[in-house]
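Source file: entry.txt; contents: compact mmCIF, C-alpha atoms.
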# COMPACT_ATOMS: atom_id res chain seq x y z
CA MET A 1 -54.03 41.08 24.72
CA ILE A 2 -56.43 39.07 26.86
CA PHE A 3 -55.72 37.88 30.39
CA VAL A 4 -58.02 35.29 31.99
CA VAL A 5 -57.56 35.43 35.76
CA GLY A 6 -59.28 34.19 38.92
CA ASN A 7 -58.87 31.86 41.84
CA SER A 8 -57.45 28.49 40.78
CA ARG A 9 -60.12 25.91 39.74
CA SER A 10 -62.63 28.65 38.90
CA GLY A 11 -62.95 27.99 35.17
CA THR A 12 -59.96 29.93 33.85
CA THR A 13 -58.75 27.01 31.74
CA MET A 14 -62.21 26.48 30.24
CA MET A 15 -62.51 30.17 29.39
CA GLY A 16 -59.06 30.07 27.82
CA ARG A 17 -60.07 27.10 25.67
CA ILE A 18 -63.26 28.86 24.61
CA LEU A 19 -61.35 31.98 23.55
CA GLY A 20 -58.72 29.83 21.84
CA LYS A 21 -61.42 28.49 19.51
CA HIS A 22 -61.67 31.97 17.98
CA SER A 23 -59.84 32.45 14.69
CA ASP A 24 -57.94 35.48 16.03
CA VAL A 25 -57.06 34.30 19.54
CA TYR A 26 -54.14 32.12 20.58
CA THR A 27 -54.44 30.81 24.14
CA PHE A 28 -51.29 29.94 26.03
CA GLY A 29 -50.94 27.50 28.88
CA GLU A 30 -50.29 28.86 32.34
CA LEU A 31 -47.10 30.91 31.96
CA HIS A 32 -46.88 32.39 35.48
CA PHE A 33 -44.77 35.31 34.29
CA PHE A 34 -45.96 37.65 37.05
CA GLY A 35 -44.59 36.65 40.43
CA GLN A 36 -42.87 33.41 39.48
CA LEU A 37 -40.71 34.02 36.41
CA CYS A 38 -40.40 37.71 37.19
CA ALA A 39 -40.81 39.71 40.40
CA PRO A 40 -42.00 43.33 40.58
CA PRO A 41 -41.20 45.93 39.41
CA PHE A 42 -41.99 44.62 35.93
CA SER A 43 -40.90 47.86 34.28
CA SER A 44 -37.35 47.76 35.66
CA GLU A 45 -34.34 47.84 33.34
CA LEU A 46 -33.66 44.50 31.65
CA ARG A 47 -30.07 43.53 30.92
CA PRO A 48 -29.37 41.42 27.76
CA ALA A 49 -28.27 38.40 29.80
CA ASP A 50 -31.42 38.54 31.93
CA ALA A 51 -33.54 38.98 28.80
CA ALA A 52 -32.09 35.79 27.32
CA LYS A 53 -32.69 33.86 30.54
CA LEU A 54 -36.28 35.11 30.90
CA ALA A 55 -37.07 34.38 27.25
CA ALA A 56 -35.69 30.84 27.67
CA GLU A 57 -37.89 30.31 30.73
CA LEU A 58 -40.96 31.48 28.81
CA CYS A 59 -40.14 29.19 25.89
CA CYS A 60 -39.65 26.26 28.25
CA VAL A 61 -42.91 26.73 30.16
CA GLN A 62 -44.89 27.36 26.98
CA GLN A 63 -43.62 24.27 25.16
CA GLU A 64 -43.35 21.76 27.99
CA GLY A 65 -46.08 22.92 30.37
CA TYR A 66 -46.08 24.79 33.65
CA ARG A 67 -46.25 21.65 35.81
CA THR A 68 -44.16 19.32 33.62
CA HIS A 69 -41.35 21.46 32.19
CA GLY A 70 -37.65 20.71 32.59
CA ASN A 71 -34.53 22.87 32.69
CA SER A 72 -35.02 26.13 30.80
CA ARG A 73 -31.34 26.40 29.84
CA ARG A 74 -32.08 23.97 27.02
CA PHE A 75 -34.06 26.78 25.37
CA LEU A 76 -31.36 29.46 25.36
CA LYS A 77 -30.69 29.05 21.61
CA GLU A 78 -34.40 29.32 20.84
CA ALA A 79 -34.59 32.39 23.08
CA ALA A 80 -31.70 33.97 21.20
CA VAL A 81 -33.47 33.40 17.88
CA PHE A 82 -36.62 35.02 19.28
CA LEU A 83 -34.76 38.05 20.63
CA ASN A 84 -32.67 38.52 17.48
CA GLY A 85 -35.82 38.49 15.40
CA LEU A 86 -37.34 41.47 17.20
CA THR A 87 -37.18 44.87 15.51
CA SER A 88 -36.20 46.46 18.83
CA GLN A 89 -34.87 44.84 21.97
CA PRO A 90 -37.17 44.88 25.03
CA GLU A 91 -35.98 47.30 27.68
CA THR A 92 -38.10 45.87 30.52
CA PRO A 93 -39.42 42.44 31.53
CA ALA A 94 -42.96 43.63 30.74
CA GLN A 95 -41.94 44.54 27.19
CA LEU A 96 -40.26 41.17 26.71
CA PHE A 97 -43.37 39.34 27.92
CA SER A 98 -45.59 41.28 25.51
CA ALA A 99 -43.20 40.62 22.63
CA PHE A 100 -43.12 36.90 23.48
CA LEU A 101 -46.92 36.63 23.61
CA HIS A 102 -47.41 38.39 20.29
CA ASN A 103 -44.57 36.48 18.62
CA GLU A 104 -46.02 33.10 19.64
CA ALA A 105 -49.52 34.13 18.57
CA THR A 106 -48.19 35.20 15.16
CA LYS A 107 -46.34 31.90 14.76
CA HIS A 108 -49.69 30.14 15.17
CA GLY A 109 -51.48 32.40 12.68
CA LYS A 110 -53.31 34.40 15.35
CA THR A 111 -53.26 38.10 16.25
CA ILE A 112 -54.52 38.21 19.85
CA PRO A 113 -52.56 36.44 22.62
CA CYS A 114 -54.47 35.13 25.62
CA ASP A 115 -52.71 34.26 28.89
CA GLN A 116 -54.87 32.19 31.23
CA THR A 117 -52.76 32.08 34.39
CA PRO A 118 -55.22 32.18 37.33
CA ARG A 119 -52.72 33.69 39.76
CA ASN A 120 -52.58 36.87 37.66
CA VAL A 121 -55.69 37.92 39.61
CA PHE A 122 -53.18 39.28 42.13
CA TYR A 123 -51.52 41.38 39.41
CA ILE A 124 -54.50 43.08 37.80
CA LYS A 125 -53.25 46.55 38.69
CA ASP A 126 -49.86 45.82 37.11
CA ILE A 127 -51.41 44.41 33.93
CA LEU A 128 -53.72 47.39 33.48
CA GLU A 129 -50.84 49.81 33.91
CA LEU A 130 -48.34 47.93 31.76
CA TYR A 131 -50.66 47.06 28.87
CA PRO A 132 -53.20 49.83 28.12
CA GLU A 133 -54.93 47.76 25.43
CA ALA A 134 -55.29 44.60 27.52
CA ARG A 135 -58.64 43.12 28.53
CA ILE A 136 -58.94 41.10 31.75
CA ILE A 137 -61.59 38.42 32.25
CA ASN A 138 -61.96 37.46 35.90
CA MET A 139 -63.56 34.09 36.66
CA ILE A 140 -65.54 33.59 39.88
CA ARG A 141 -66.86 30.26 41.18
CA ASP A 142 -68.74 29.09 44.27
CA PRO A 143 -66.03 28.71 46.96
CA ARG A 144 -67.40 25.32 47.98
CA ASP A 145 -67.00 23.99 44.43
CA VAL A 146 -63.48 25.45 44.38
CA LEU A 147 -62.79 23.68 47.67
CA LEU A 148 -63.98 20.33 46.31
CA SER A 149 -61.98 20.75 43.11
CA GLN A 150 -58.83 21.58 45.06
CA LYS A 151 -59.45 18.64 47.38
CA GLN A 152 -59.60 16.26 44.42
CA LYS A 153 -56.94 17.97 42.31
CA TRP A 154 -54.26 15.46 43.27
CA LYS A 155 -56.32 12.80 41.46
CA ARG A 156 -55.80 14.50 38.06
CA ARG A 157 -52.98 12.04 37.41
CA PHE A 158 -55.59 9.27 37.35
CA LEU A 159 -58.37 11.14 35.50
CA GLY A 160 -56.51 11.88 32.29
CA GLY A 161 -53.53 13.94 33.42
CA THR A 162 -51.25 10.93 32.94
CA ASP A 163 -48.15 13.04 32.23
CA MET A 164 -48.33 14.62 35.67
CA PRO A 165 -45.12 14.04 37.66
CA VAL A 166 -45.51 12.32 41.03
CA LYS A 167 -44.04 15.37 42.76
CA GLU A 168 -46.86 17.52 41.33
CA THR A 169 -49.45 15.05 42.60
CA PHE A 170 -47.87 15.29 46.05
CA ARG A 171 -47.76 19.08 45.80
CA ASP A 172 -51.49 19.13 45.05
CA TRP A 173 -52.16 16.93 48.07
CA ILE A 174 -50.03 18.97 50.48
CA ASN A 175 -51.48 22.24 49.16
CA TYR A 176 -55.01 21.25 50.16
CA HIS A 177 -56.45 22.35 53.46
CA PRO A 178 -59.94 23.85 53.81
CA ILE A 179 -58.63 26.88 55.73
CA THR A 180 -55.87 27.67 53.23
CA ILE A 181 -58.03 27.17 50.13
CA SER A 182 -60.90 29.21 51.58
CA HIS A 183 -58.61 32.06 52.57
CA ILE A 184 -56.98 32.22 49.12
CA TRP A 185 -60.43 32.26 47.47
CA ARG A 186 -61.30 35.23 49.68
CA THR A 187 -58.13 37.16 48.83
CA ALA A 188 -58.40 36.36 45.11
CA VAL A 189 -62.00 37.52 44.87
CA SER A 190 -61.20 40.60 46.96
CA ALA A 191 -58.26 41.43 44.70
CA ALA A 192 -60.48 41.38 41.60
CA ASP A 193 -63.38 43.17 43.29
CA GLN A 194 -61.21 46.29 43.54
CA PHE A 195 -61.45 46.56 39.75
CA ALA A 196 -65.08 45.49 39.37
CA LYS A 197 -66.03 48.79 37.75
CA HIS A 198 -62.96 49.13 35.55
CA GLU A 199 -63.86 49.31 31.87
CA ARG A 200 -61.16 46.80 30.93
CA VAL A 201 -62.07 44.20 33.55
CA ALA A 202 -65.08 41.86 33.30
CA SER A 203 -66.11 39.31 35.92
CA ILE A 204 -67.73 36.10 34.72
CA TYR A 205 -69.41 33.61 37.02
CA PHE A 206 -68.54 30.00 36.28
CA GLU A 207 -72.12 28.95 37.00
CA GLU A 208 -73.42 31.42 34.41
CA LEU A 209 -70.93 30.13 31.87
CA LEU A 210 -72.20 26.58 32.40
CA GLY A 211 -75.90 27.38 32.56
CA HIS A 212 -76.09 30.10 29.89
CA SER A 213 -73.10 29.31 27.73
CA GLU A 214 -74.02 31.11 24.53
CA SER A 215 -75.15 34.39 26.06
CA THR A 216 -72.18 34.44 28.46
CA VAL A 217 -69.61 33.82 25.72
CA LYS A 218 -71.27 36.44 23.52
CA HIS A 219 -70.88 38.90 26.39
CA VAL A 220 -67.21 37.96 26.70
CA CYS A 221 -66.70 38.45 22.97
CA ASP A 222 -68.31 41.89 23.07
CA PHE A 223 -66.07 42.83 25.96
CA ALA A 224 -62.93 41.59 24.19
CA ASN A 225 -63.94 43.21 20.87
CA ILE A 226 -63.99 39.93 18.95
CA SER A 227 -66.80 38.30 16.98
CA TYR A 228 -68.76 35.38 18.43
CA THR A 229 -68.97 32.03 16.65
CA ASP A 230 -70.77 28.85 17.73
CA THR A 231 -67.53 26.87 17.44
CA MET A 232 -66.23 28.64 20.53
CA LEU A 233 -68.53 26.47 22.64
CA GLN A 234 -67.13 23.23 21.25
CA VAL A 235 -64.41 22.67 23.82
CA PRO A 236 -63.30 19.21 25.02
CA GLN A 237 -64.56 18.12 28.41
CA VAL A 238 -61.22 17.66 30.14
CA GLY A 239 -59.43 18.99 33.19
CA SER A 240 -62.04 18.23 35.85
CA SER A 241 -60.91 17.11 39.32
CA VAL A 242 -64.04 15.06 39.91
CA ALA A 243 -64.62 13.32 36.56
CA GLU A 244 -62.48 11.46 34.04
CA ASP A 245 -61.38 13.37 30.92
CA GLN A 246 -63.59 12.94 27.85
CA PRO A 247 -61.62 14.72 25.07
CA GLN A 248 -63.89 13.31 22.39
CA GLN A 249 -66.93 14.88 24.10
CA LEU A 250 -67.25 18.49 22.93
CA GLY A 251 -69.34 21.21 24.53
CA ILE A 252 -69.79 22.81 27.93
CA ASN A 253 -71.13 20.43 30.59
CA PRO A 254 -73.76 22.30 32.67
CA HIS A 255 -73.68 19.62 35.39
CA ARG A 256 -70.27 20.70 36.70
CA ALA A 257 -71.93 23.41 38.78
CA HIS A 258 -72.77 22.76 42.46
CA SER A 259 -70.73 19.53 42.60
CA TRP A 260 -70.01 20.22 46.26
CA GLN A 261 -73.60 19.22 47.05
CA ASN A 262 -72.88 15.59 46.12
CA GLY A 263 -71.47 14.80 49.56
CA GLU A 264 -67.71 14.70 48.90
CA LEU A 265 -67.04 17.58 51.28
CA SER A 266 -67.39 16.92 55.00
CA SER A 267 -69.58 19.07 57.21
CA ALA A 268 -66.43 20.47 58.82
CA GLU A 269 -64.97 21.47 55.44
CA ILE A 270 -68.18 23.21 54.38
CA TYR A 271 -68.44 24.93 57.76
CA LEU A 272 -64.88 26.27 57.61
CA ASN A 273 -65.26 27.37 54.00
CA GLN A 274 -68.53 29.22 54.59
CA THR A 275 -67.20 30.85 57.75
CA ILE A 276 -64.06 32.20 56.08
CA THR A 277 -65.76 33.31 52.84
CA ALA A 278 -69.09 34.45 54.34
CA VAL A 279 -68.90 38.16 53.49
CA LEU A 280 -67.86 37.68 49.88
CA MET A 281 -70.26 34.78 49.38
CA LYS A 282 -73.08 37.15 50.25
CA GLN A 283 -71.74 39.90 48.00
CA HIS A 284 -71.53 37.48 45.07
CA ASN A 285 -74.91 35.86 45.70
CA TYR A 286 -73.71 32.45 46.86
CA SER A 287 -76.12 31.16 49.50
CA PRO A 288 -74.64 29.40 52.55
CA VAL A 289 -76.29 26.32 53.96
CA SER A 290 -77.02 25.82 57.64
CA ILE A 291 -74.64 23.14 58.81
CA GLN A 292 -73.42 21.70 62.10
CA PRO A 293 -69.80 20.55 61.74
CA ASN A 294 -68.55 17.24 63.00
CA ILE A 295 -66.52 18.34 66.04
CA ALA A 296 -63.87 15.62 65.68
CA ARG A 297 -63.23 16.46 62.01
CA LEU A 298 -63.23 20.18 62.77
CA ALA A 299 -60.63 19.68 65.49
CA LEU A 300 -58.53 17.54 63.15
CA HIS A 301 -58.53 20.28 60.48
CA LEU A 302 -57.52 22.88 63.05
CA LEU A 303 -54.71 20.70 64.39
CA THR A 304 -53.33 19.77 60.95
CA PHE A 305 -53.51 23.30 59.56
CA PRO A 306 -50.01 24.43 60.69
CA VAL A 307 -48.47 21.21 59.37
CA LYS A 308 -50.16 21.40 55.95
CA LEU A 309 -49.47 25.13 55.68
CA GLY A 310 -45.78 24.62 56.42
CA GLY A 311 -45.58 21.74 53.96
CA ALA A 312 -47.29 23.78 51.25
CA PHE A 313 -44.87 26.66 51.83
CA LEU A 314 -41.84 24.41 51.43
CA CYS A 315 -43.26 22.67 48.35
CA ASN A 316 -43.96 25.98 46.63
CA LEU A 317 -40.74 27.87 47.30
CA ASP A 318 -39.67 27.30 43.69
CA ARG A 319 -42.83 29.07 42.51
CA MET A 320 -42.08 32.37 44.19
CA LYS A 321 -39.52 34.73 42.66
CA ASN A 322 -39.86 37.02 45.67
CA ILE A 323 -41.25 35.17 48.68
CA ARG A 324 -42.24 38.23 50.72
CA GLN A 325 -44.04 39.96 47.86
CA THR A 326 -45.82 36.78 46.78
CA LEU A 327 -47.12 36.01 50.28
CA LYS A 328 -48.17 39.62 50.78
CA ARG A 329 -50.28 39.61 47.61
CA ARG A 330 -51.85 36.21 48.17
CA PHE A 331 -52.53 36.35 51.89
CA PHE A 332 -52.29 39.82 53.33
CA ALA A 333 -52.86 42.53 50.71
CA TYR A 334 -56.63 42.46 50.65

Go ahead and express the file in the form of structure tokens.
Amino acid sequence: MIFVVGNSRSGTTMMGRILGKHSDVYTFGELHFFGQLCAPPFSSELRPADAAKLAAELCCVQQEGYRTHGNSRRFLKEAAVFLNGLTSQPETPAQLFSAFLHNEATKHGKTIPCDQTPRNVFYIKDILELYPEARIINMIRDPRDVLLSQKQKWKRRFLGGTDMPVKETFRDWINYHPITISHIWRTAVSAADQFAKHERVASIYFEELLGHSESTVKHVCDFANISYTDTMLQVPQVGSSVAEDQPQQLGINPHRAHSWQNGELSSAEIYLNQTITAVLMKQHNYSPVSIQPNIARLALHLLTFPVKLGGAFLCNLDRMKNIRQTLKRRFFAY
């Protein structure tokens, strides 16, 4: 099993697409099993009724998309078929998740499932303990580029993500604030840094992936114990927050690095981002720029922070199975 994790907008989707080009790897969409579909402990006893409900939720998210799926109860029959087809019934949520991943991969003629949910960066310890054979690929990106991508994320609906519901566009807009995004980058990177020396965790810099694609992907393949092929680099250029999708254009675009330098972030946004992420920027060799923030814009960001934070909390209640545990992992644990 392969898990691609990292702060959102750090290249996890691209890495998932690259791995999915391999003949043995089946890459899922964002499933958000850990924390959203299921709350810790993931090795707790699983009752048959709960197993059916969880399997239906996984089927729903996998087939209809994390941000566009409907009511999971429509997939209860499909979930029953999946569970009845297993040689032994899963006794825990973690076992059910593993069985689901492998079953879907087999249905698509693959042997290695790959989950590329970014938020799993906060569940690395759980994944390593639950799945002794799993490999975790942690993506890291310049926090200023992450900030810009998050700032523009609400525009995905107009850049090729035409199936995006209006409520998701609004959620992306309300989620953005330079303080919030910068803080989550810091906690996400800190969470992964705890496992930097673990033999089953590899950190990949997005900038290295763009600038040295072949050597970086070869390194990933060696780490995941799969063979490298040139076709793995032929991924469609889609999913950017700052450029229109070009699905017919294959390959890795090296110009997506350092987009924040193009002037779409204000001096106040850059100042706040660099201030909050300063220690980890230095540790990960991202060089800050000397900048004097616009005082009026800085004051505006400080004044609007409580409002945007409260709005984001309310808009994301449905994405937290256990609110206290989710907030603790994302904001306070590291």

| Any idea what's packed within 12 Å of Asp230 (chain A), counting only C-alpha atoms, ignoring anything in its chain fewer than 3 positions away? Could you give it as a VMD selection string? | chain A and resid 18 to 19 21 to 23 213 to 215 217 to 218 221 227 233 to 235 251 to 252

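Restricting the calculation to only C-alpha atoms, the smallest distance between Tyr131 (chain A) and any of A:Leu265, A:Ala105, A:Ile184, A:Ala94 is found for A:Ala94.
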
| request: Go ahead and compute the interatomic distance for CA of Gly6 (chain A) and CA of Arg329 (chain A), in Å to one decimal. | output: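 We find that CA of Gly6 (chain A) and CA of Arg329 (chain A) lie 13.6 Å from each other.
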
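Among the candidates A:Ala312, A:Leu96, A:Val146, A:Ala299, the one nearest to Leu130 (chain A) when counting only C-alpha atoms is A:Leu96.
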
| query | Which is closest to Val220 (chain A) among A:Ile181, A:Leu83, A:Ile291, A:Ile136, if we use only C-alpha atoms? | reply | A:Ile136

| request: Point out the residue among A:Val307, A:Cys114, A:Met139, A:Cys38 with the least atom-to-atom distance to Asp193 (chain A), counting only C-alpha atoms. | output: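 Residue with the minimum atom-to-atom distance to Asp193 (chain A): A:Met139.
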